[in-house]
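First the structure, in the form of structure tokens, and then the observations on it.
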Amino acid sequence: MKKREERKYFDKEWKDMKASLVAYLKKEQQEDLHHFRVQVKKLRAFLILSDSTQQHPKLTQHFKPVRMIFKQAGEIRSAYINLELGKAHQIDNGTFMSDQHQLQLNASSKFKSDGAKNLEKLKDSHQLLKEKIKPVSDLHINLFYQKQLHQIVDMLTKPKFDDQLHTCRKEVKILIYNHKLTHAALGTGVNTDYLDQVQIAIGDWHDHILAIELFSSNEAKDQAAVSSLKKQDTKFKSHITNLTKDFYNRATTVVELPVEQLS
């Protein structure tokens, strides 16, 4: 893969990330904030791939200022998601809902006041990283994907329903995010549709666990919601276990649709 291809990809994804941040600062729409955070994850996935060619990786270190903005945005998202969970489960706790609403307002206000400073950080980080991007060979791309896939297989052979599974989801998403750039160089097929199913299933399970933890806390204590959620544990775990059987073969088998189905 040529250096100019990587820079073109990097610039486009960075532009989309910045545009989403600017849009949120103007209108405070949650979708813009969510898209900003997704773009940060995509760019970090690319930098992880690029760093993997180096004996002393530095690109992800230079990305830390952007990650700090990502975490700041995460405070707003967390409060928003807690409010949505409270509404979905009809939590009868006015104090909790009021506190989360105020947390969201405060975090958003701080985020907006830091807007100009954060945009300047993006500009500086973009220039620094762009200068340090080096070409990744097709061979290394294939080695990277093989290593990642086998690491995921190790985690999913007998899945542990703990933080390791959440880490596994992050590894899967790195492959999905980088596929747009690397697919032409890959000698092995990568079934991104299947990988997406896996990461969604793990994400749903993780959201389920977070909801149980939230409604078990002193702040939002709601035993009825916790009991209802826990009844669904088996469903989430069975789905992930069945979906990830023979993971490697399913992740590397791309089924071509008949021509008539493509039209």
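How things are named: the first chain in the structure tokens is A, the next is B, and so on; residues count from 1 in each chain; ligands count from 1 in the order shown.
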
Subject >> Contacts of A:Ile141 within 8 Å, only C-alpha atoms, excl. fewer than 4 positions in-chain, as a list of chain:residue names >> reply: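 Listed by chain and then number, they are A:Leu49, A:Val136, A:Ser137, A:Tyr145, A:Thr182, A:Ala185, A:Leu186.
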
**OP:** Please provide as a list in words all residues within 12 Å of A:Lys15, with the sequence filter that same-chain residues fewer than 3 positions apart are discarded (counting only C-alpha atoms).
**Re:** Arg7, Lys8, Tyr9, Phe10, Asp11, Lys12, Lys18, Ala19, Ser20, Leu21, Val22, Phe36, Gln39, Val40, Leu43, Leu119, Leu122, Lys123 and His126 of chain A

Per-residue nearest contacts of stretch 1-114 of chain A to stretch 159-180 of chain A (9 Å; only C-alpha atoms) as a Markdown table:
| residue | atom | partner | partner_atom | distance |
| --- | --- | --- | --- | --- |
| A:Lys41 | CA | A:Tyr177 | CA | 8.2 |
| A:Lys42 | CA | A:Tyr177 | CA | 5.4 |
| A:Leu43 | CA | A:Tyr177 | CA | 8.4 |
| A:Arg44 | CA | A:Ile174 | CA | 8.5 |
| A:Ala45 | CA | A:Ile174 | CA | 5.1 |
| A:Phe46 | CA | A:Asn178 | CA | 6.0 |
| A:Ile48 | CA | A:Ile174 | CA | 8.4 |
| A:Leu49 | CA | A:Asn178 | CA | 8.0 |

Grab the residues selected above and save them as a compact mmCIF listing (two decimals), in the first residue's frame with C-alpha atoms.
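File produced: result-v7.txt:
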# COMPACT_ATOMS: atom_id res chain seq x y z
CA LYS A 41 -11.94 5.09 17.12
CA LYS A 42 -11.44 4.66 13.37
CA LEU A 43 -8.38 6.88 13.36
CA ARG A 44 -6.92 5.15 16.40
CA ALA A 45 -7.42 1.78 14.68
CA PHE A 46 -5.45 3.08 11.68
CA ILE A 48 -2.50 1.00 15.74
CA LEU A 49 -2.01 -0.68 12.35

Subject >> Nearby residues (only C-alpha atoms) at most 8 Å from stretch 72-84 of chain A, same-chain spacing under 5 positions excluded, as a PyMOL selection string >> reply: chain A and resi 30+33-34+37+97+100-101+103-105+107-108+111+214

Original post:
Separation of atom CA of A:Asn142 and atom CA of A:His239, in Å?
Top reply: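 One can read the atom CA of A:Asn142 to atom CA of A:His239 distance as 29.5 Å.
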
A:Asp246 surroundings by only C-alpha atoms, 10 Å radius, close-in-sequence under 3 positions cut, as a PDB file with N, CA and C atoms, in the first residue's frame:
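selection.pdb, written as the output of this step:
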ATOM      1  N   VAL A 153      -9.557 -15.304  18.278  1.00  0.00           N
ATOM      2  CA  VAL A 153      -9.920 -16.722  18.418  1.00  0.00           C
ATOM      3  C   VAL A 153      -9.595 -17.210  19.831  1.00  0.00           C
ATOM      4  N   LEU A 156     -12.159 -16.074  22.221  1.00  0.00           N
ATOM      5  CA  LEU A 156     -13.521 -16.546  21.997  1.00  0.00           C
ATOM      6  C   LEU A 156     -13.679 -18.065  22.042  1.00  0.00           C
ATOM      7  N   THR A 157     -12.566 -18.795  22.129  1.00  0.00           N
ATOM      8  CA  THR A 157     -12.657 -20.260  22.154  1.00  0.00           C
ATOM      9  C   THR A 157     -13.529 -20.718  23.316  1.00  0.00           C
ATOM     10  N   ASN A 242     -22.941 -19.117  20.462  1.00  0.00           N
ATOM     11  CA  ASN A 242     -23.305 -19.741  19.180  1.00  0.00           C
ATOM     12  C   ASN A 242     -22.749 -18.964  17.991  1.00  0.00           C
ATOM     13  N   LEU A 243     -22.793 -17.640  18.088  1.00  0.00           N
ATOM     14  CA  LEU A 243     -22.336 -16.799  16.981  1.00  0.00           C
ATOM     15  C   LEU A 243     -20.838 -16.915  16.751  1.00  0.00           C
ATOM     16  N   ASN A 249     -12.922 -19.435  10.710  1.00  0.00           N
ATOM     17  CA  ASN A 249     -13.438 -19.793   9.384  1.00  0.00           C
ATOM     18  C   ASN A 249     -14.577 -18.870   8.951  1.00  0.00           C
ATOM     19  N   ARG A 250     -15.439 -18.532   9.879  1.00  0.00           N
ATOM     20  CA  ARG A 250     -16.563 -17.662   9.547  1.00  0.00           C
ATOM     21  C   ARG A 250     -16.084 -16.235   9.267  1.00  0.00           C
ATOM     22  N   ALA A 251     -15.030 -15.812   9.961  1.00  0.00           N
ATOM     23  CA  ALA A 251     -14.503 -14.458   9.778  1.00  0.00           C
ATOM     24  C   ALA A 251     -13.710 -14.311   8.487  1.00  0.00           C
TER      25      ALA A 251
END

Original post:
How would you write, as a count of residues only, the set of residues in stretch 1-230 of chain A that DSSP gives as alpha helix (DSSP H)?
Top reply: 186
